[in-house]
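Student: Structure file structure23.pdb (PDB, C-alpha atoms, pLDDT in the B column) is given on the next line.
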```
MODEL        1
ATOM      1  CA  MET P  22      -6.740  43.709 102.110  1.00 87.00           C
ATOM      2  CA  ASP P  23      -4.562  44.802  99.197  1.00 91.00           C
ATOM      3  CA  PHE P  24      -6.161  47.388  96.874  1.00 90.00           C
ATOM      4  CA  THR P  25      -5.696  45.039  93.891  1.00 87.00           C
ATOM      5  CA  GLU P  26      -8.368  42.785  95.398  1.00 91.00           C
ATOM      6  CA  LEU P  27     -10.962  45.604  95.392  1.00 93.00           C
ATOM      7  CA  ILE P  28     -13.280  46.696  92.565  1.00 93.00           C
ATOM      8  CA  ASP P  29     -11.416  48.444  89.746  1.00 92.00           C
ATOM      9  CA  LEU P  30     -13.310  51.757  89.604  1.00 93.00           C
ATOM     10  CA  ALA P  31     -11.641  52.645  86.289  1.00 92.00           C
ATOM     11  CA  SER P  32     -12.631  49.396  84.562  1.00 92.00           C
ATOM     12  CA  GLU P  33     -13.956  49.844  81.028  1.00 92.00           C
ATOM     13  CA  ARG P  34     -16.559  47.207  81.875  1.00 93.00           C
ATOM     14  CA  LEU P  35     -17.979  49.640  84.448  1.00 93.00           C
ATOM     15  CA  GLY P  36     -17.797  52.681  82.161  1.00 91.00           C
ATOM     16  CA  GLY P  37     -14.255  53.846  82.901  1.00 92.00           C
ATOM     17  CA  ALA P  38     -12.331  55.470  80.070  1.00 92.00           C
ATOM     18  CA  VAL P  39      -9.066  57.244  79.350  1.00 91.00           C
ATOM     19  CA  LEU P  40     -10.247  60.601  78.041  1.00 91.00           C
ATOM     20  CA  PHE P  41      -6.940  62.273  77.264  1.00 90.00           C
ATOM     21  CA  ALA P  42      -3.173  61.743  77.374  1.00 89.00           C
ATOM     22  CA  ASN P  43      -0.612  64.399  76.563  1.00 86.00           C
ATOM     23  CA  ASP P  44       1.669  61.921  74.746  1.00 83.00           C
ATOM     24  CA  GLU P  45       0.726  58.718  72.913  1.00 80.00           C
ATOM     25  CA  PHE P  46       3.965  58.342  70.977  1.00 75.00           C
ATOM     26  CA  PHE P  47       4.543  54.636  71.682  1.00 72.00           C
ATOM     27  CA  ALA P  48       1.003  53.315  72.123  1.00 76.00           C
ATOM     28  CA  PRO P  49      -2.585  54.519  72.595  1.00 81.00           C
ATOM     29  CA  LYS P  50      -3.806  55.746  75.969  1.00 84.00           C
ATOM     30  CA  GLU P  51      -6.638  53.180  75.974  1.00 85.00           C
ATOM     31  CA  ASN P  52      -4.061  50.506  76.825  1.00 82.00           C
ATOM     32  CA  LEU P  53      -3.964  51.890  80.375  1.00 83.00           C
ATOM     33  CA  LEU P  54      -7.272  50.265  81.285  1.00 86.00           C
ATOM     34  CA  LYS P  55      -6.832  46.874  79.673  1.00 83.00           C
ATOM     35  CA  PRO P  56      -7.550  44.181  82.258  1.00 80.00           C
ATOM     36  CA  SER P  57      -4.831  41.894  80.874  1.00 76.00           C
ATOM     37  CA  VAL P  58      -1.150  42.080  81.758  1.00 71.00           C
ATOM     38  CA  PRO P  59       0.792  44.048  79.100  1.00 68.00           C
ATOM     39  CA  VAL P  60       2.831  41.964  76.664  1.00 67.00           C
ATOM     40  CA  PHE P  61       6.016  43.065  74.927  1.00 63.00           C
ATOM     41  CA  ILE P  62       6.723  41.326  71.625  1.00 64.00           C
ATOM     42  CA  GLU P  63      10.485  40.979  71.235  1.00 65.00           C
ATOM     43  CA  GLY P  64      11.804  42.360  67.956  1.00 61.00           C
ATOM     44  CA  ASN P  65       8.949  44.813  67.344  1.00 57.00           C
ATOM     45  CA  THR P  66       9.855  48.472  67.516  1.00 55.00           C
ATOM     46  CA  PRO P  67       8.044  50.628  70.089  1.00 53.00           C
ATOM     47  CA  THR P  68       7.372  53.324  67.483  1.00 52.00           C
ATOM     48  CA  SER P  69       5.223  50.899  65.498  1.00 51.00           C
ATOM     49  CA  ALA P  70       2.955  50.484  68.562  1.00 48.00           C
ATOM     50  CA  SER P  71       2.801  46.772  67.753  1.00 51.00           C
ATOM     51  CA  GLY P  72       5.500  46.067  70.309  1.00 53.00           C
ATOM     52  CA  MET P  73       3.852  48.040  73.104  1.00 60.00           C
ATOM     53  CA  ASP P  74       0.800  46.819  74.955  1.00 63.00           C
ATOM     54  CA  GLY P  75       0.696  49.571  77.582  1.00 66.00           C
ATOM     55  CA  TRP P  76       0.952  53.356  77.633  1.00 70.00           C
ATOM     56  CA  GLU P  77       4.446  54.761  77.441  1.00 67.00           C
ATOM     57  CA  SER P  78       5.362  58.290  76.501  1.00 71.00           C
ATOM     58  CA  ARG P  79       8.592  59.578  74.988  1.00 71.00           C
ATOM     59  CA  ARG P  80      11.560  60.288  77.204  1.00 72.00           C
ATOM     60  CA  ARG P  81      11.125  63.865  78.324  1.00 73.00           C
ATOM     61  CA  ARG P  82      14.086  66.148  77.661  1.00 77.00           C
ATOM     62  CA  THR P  83      12.327  69.321  78.793  1.00 83.00           C
ATOM     63  CA  PRO P  84      10.795  70.386  82.112  1.00 85.00           C
ATOM     64  CA  GLY P  85       7.344  69.066  82.895  1.00 82.00           C
ATOM     65  CA  PHE P  86       5.653  65.704  83.110  1.00 84.00           C
ATOM     66  CA  ASP P  87       3.408  63.374  81.155  1.00 84.00           C
ATOM     67  CA  TRP P  88      -0.155  62.874  82.261  1.00 87.00           C
ATOM     68  CA  CYS P  89      -3.471  61.310  81.396  1.00 89.00           C
ATOM     69  CA  LEU P  90      -7.087  61.876  82.334  1.00 91.00           C
ATOM     70  CA  VAL P  91      -9.111  58.821  83.391  1.00 91.00           C
ATOM     71  CA  ARG P  92     -12.864  58.866  84.039  1.00 91.00           C
ATOM     72  CA  LEU P  93     -13.886  56.313  86.651  1.00 91.00           C
ATOM     73  CA  GLY P  94     -16.777  54.016  85.814  1.00 91.00           C
ATOM     74  CA  LEU P  95     -18.157  54.143  89.353  1.00 90.00           C
ATOM     75  CA  PRO P  96     -17.883  56.673  92.166  1.00 90.00           C
ATOM     76  CA  GLY P  97     -15.860  55.504  95.144  1.00 92.00           C
ATOM     77  CA  VAL P  98     -12.793  55.918  97.294  1.00 93.00           C
ATOM     78  CA  ILE P  99      -9.492  55.345  95.502  1.00 92.00           C
ATOM     79  CA  ARG P 100      -7.400  53.012  97.664  1.00 92.00           C
ATOM     80  CA  GLY P 101      -4.470  52.544  95.274  1.00 90.00           C
ATOM     81  CA  SER P 102      -3.116  52.760  91.762  1.00 85.00           C
ATOM     82  CA  SER P 103      -0.384  50.976  89.855  1.00 77.00           C
ATOM     83  CA  SER P 104       2.131  52.652  87.568  1.00 68.00           C
ATOM     84  CA  ILE P 105       4.686  49.839  87.498  1.00 63.00           C
ATOM     85  CA  PRO P 106       5.542  48.715  83.968  1.00 63.00           C
ATOM     86  CA  ALA P 107       5.133  44.993  83.444  1.00 59.00           C
ATOM     87  CA  THR P 108       7.591  44.652  80.582  1.00 59.00           C
ATOM     88  CA  SER P 109      10.661  46.788  81.322  1.00 59.00           C
ATOM     89  CA  LYS P 110      12.156  47.805  84.642  1.00 59.00           C
ATOM     90  CA  ALA P 111      14.145  50.503  82.783  1.00 60.00           C
ATOM     91  CA  ILE P 112      11.046  52.691  82.397  1.00 63.00           C
ATOM     92  CA  ILE P 113       9.815  52.760  86.001  1.00 66.00           C
ATOM     93  CA  PRO P 114       8.908  56.379  86.830  1.00 70.00           C
ATOM     94  CA  LYS P 115      10.820  58.007  89.681  1.00 75.00           C
ATOM     95  CA  VAL P 116       7.706  59.888  90.769  1.00 78.00           C
ATOM     96  CA  CYS P 117       4.011  59.405  90.137  1.00 80.00           C
ATOM     97  CA  SER P 118       1.085  61.415  91.489  1.00 85.00           C
ATOM     98  CA  LEU P 119      -2.652  60.927  91.419  1.00 87.00           C
ATOM     99  CA  GLU P 120      -5.257  63.686  91.588  1.00 86.00           C
ATOM    100  CA  ALA P 121      -9.019  63.163  91.672  1.00 87.00           C
ATOM    101  CA  TRP P 122     -12.142  65.290  91.437  1.00 83.00           C
ATOM    102  CA  ALA P 123     -15.767  64.440  92.158  1.00 84.00           C
ATOM    103  CA  LEU P 124     -17.842  66.298  89.574  1.00 81.00           C
ATOM    104  CA  GLU P 125     -21.570  66.155  88.861  1.00 81.00           C
ATOM    105  CA  GLY P 126     -22.626  64.830  85.464  1.00 81.00           C
ATOM    106  CA  LEU P 127     -20.390  63.936  82.541  1.00 78.00           C
ATOM    107  CA  ALA P 128     -17.965  66.760  81.893  1.00 77.00           C
ATOM    108  CA  THR P 129     -16.331  66.984  78.485  1.00 80.00           C
ATOM    109  CA  THR P 130     -12.607  66.499  77.998  1.00 83.00           C
ATOM    110  CA  GLU P 131     -12.333  70.189  77.106  1.00 83.00           C
ATOM    111  CA  GLN P 132     -13.991  71.174  80.398  1.00 80.00           C
ATOM    112  CA  LEU P 133     -11.740  68.856  82.392  1.00 81.00           C
ATOM    113  CA  THR P 134      -8.527  70.102  80.783  1.00 82.00           C
ATOM    114  CA  GLY P 135      -9.532  73.775  80.885  1.00 78.00           C
ATOM    115  CA  ASP P 136      -8.936  76.437  83.512  1.00 77.00           C
ATOM    116  CA  SER P 137     -12.386  76.029  85.089  1.00 70.00           C
ATOM    117  CA  VAL P 138     -11.625  72.711  86.850  1.00 66.00           C
ATOM    118  CA  PRO P 139     -11.679  73.159  90.633  1.00 63.00           C
ATOM    119  CA  MET P 140      -8.171  72.546  91.972  1.00 61.00           C
ATOM    120  CA  ASP P 141      -8.916  72.434  95.707  1.00 58.00           C
TER     121      ASP P 141
ENDMDL
END
```
Would you encode the structure as structure tokens?

Tutor:
Amino acid sequence: MDFTELIDLASERLGGAVLFANDEFFAPKENLLKPSVPVFIEGNTPTSASGMDGWESRRRRTPGFDWCLVRLGLPGVIRGSSSIPATSKAIIPKVCSLEAWALEGLATTEQLTGDSVPMD
């Protein structure tokens, strides 16, 4: 069975949320969890955010990477994730990684982005 046929643990309907993104230049991070397929409106500029229906950061010219923090709505085993853009093949990332933690309770964004998060 393909992972896309399984329950979406990050679904907003189940309590999932995008808590933080390091760059929201083109569009808000909340677009990551929309259940609909992203739509690009021809003629709109990406900087107005009206032409972008997904999350896309600026082109990075310095070392590092862009990232976001997603809280799952339900506990479970992550079987897959999609980072393929639906509107432009020119912005497909060369590399994508996924890290997950199982934490008790509802940690704050500050706690999750701080130095106290267990990294093992």

Student: Ranking P:Ser102, P:Thr83, P:Ser118, P:Asn43 by minimum distance to Leu27 of chain P and counting all atoms listed in the file, which one comes first?

Tutor: P:Ser102

Student: Skip Trp88 of chain P itself and residues of its chain fewer than 2 positions away, then list as a PyMOL selection string all residues within 9 Å of it, counting all atoms listed in the file.

Tutor: chain P and resi 41-44+86+90

Student: Kindly give the distance, in Å, that separates atom CA of Cys117 of chain P and atom CA of Gly101 of chain P, rounded to a single decimal.

Tutor: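 A separation of 12.1 Å between them.
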
Student: What would the selection look like, as a PDB file with C-alpha atoms, in the frame of the given file, if the PyMOL selection byres ((chain P and resi 50) around 10) were run on the coordinates I just shared?

Tutor:
```
ATOM      1  CA  ALA P  38     -12.331  55.470  80.070  1.00 92.00           C
ATOM      2  CA  VAL P  39      -9.066  57.244  79.350  1.00 91.00           C
ATOM      3  CA  LEU P  40     -10.247  60.601  78.041  1.00 91.00           C
ATOM      4  CA  PHE P  41      -6.940  62.273  77.264  1.00 90.00           C
ATOM      5  CA  ALA P  42      -3.173  61.743  77.374  1.00 89.00           C
ATOM      6  CA  ASN P  43      -0.612  64.399  76.563  1.00 86.00           C
ATOM      7  CA  ASP P  44       1.669  61.921  74.746  1.00 83.00           C
ATOM      8  CA  GLU P  45       0.726  58.718  72.913  1.00 80.00           C
ATOM      9  CA  PHE P  46       3.965  58.342  70.977  1.00 75.00           C
ATOM     10  CA  PHE P  47       4.543  54.636  71.682  1.00 72.00           C
ATOM     11  CA  ALA P  48       1.003  53.315  72.123  1.00 76.00           C
ATOM     12  CA  PRO P  49      -2.585  54.519  72.595  1.00 81.00           C
ATOM     13  CA  GLU P  51      -6.638  53.180  75.974  1.00 85.00           C
ATOM     14  CA  ASN P  52      -4.061  50.506  76.825  1.00 82.00           C
ATOM     15  CA  LEU P  53      -3.964  51.890  80.375  1.00 83.00           C
ATOM     16  CA  LEU P  54      -7.272  50.265  81.285  1.00 86.00           C
ATOM     17  CA  GLY P  75       0.696  49.571  77.582  1.00 66.00           C
ATOM     18  CA  TRP P  76       0.952  53.356  77.633  1.00 70.00           C
ATOM     19  CA  GLU P  77       4.446  54.761  77.441  1.00 67.00           C
ATOM     20  CA  SER P  78       5.362  58.290  76.501  1.00 71.00           C
ATOM     21  CA  CYS P  89      -3.471  61.310  81.396  1.00 89.00           C
ATOM     22  CA  LEU P  90      -7.087  61.876  82.334  1.00 91.00           C
ATOM     23  CA  VAL P  91      -9.111  58.821  83.391  1.00 91.00           C
TER      24      VAL P  91
END
```

Student: Which one of P:Gly85, P:Pro56, P:Gly126, P:Gly94 sits closest to Thr25 of chain P if you count all atoms listed in the file?

Tutor: P:Pro56

Student: What is the distance between atom CA of Leu133 of chain P and atom CA of Arg81 of chain P, in Å to one decimal?

Tutor: 23.8 Å

Student: Specify as a PyMOL selection string each residue included when the PyMOL selection byres ((chain P and resi 28) around 12) is applied to this file.

Tutor: chain P and resi 22-27+29-35+93-102

Student: May I ask for the distance between atom CA of Arg92 of chain P and atom CA of Glu125 of chain P, given in Å to one decimal place?

Tutor: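 Calculated distance between atom CA of Arg92 of chain P and atom CA of Glu125 of chain P is 12.3 Å.
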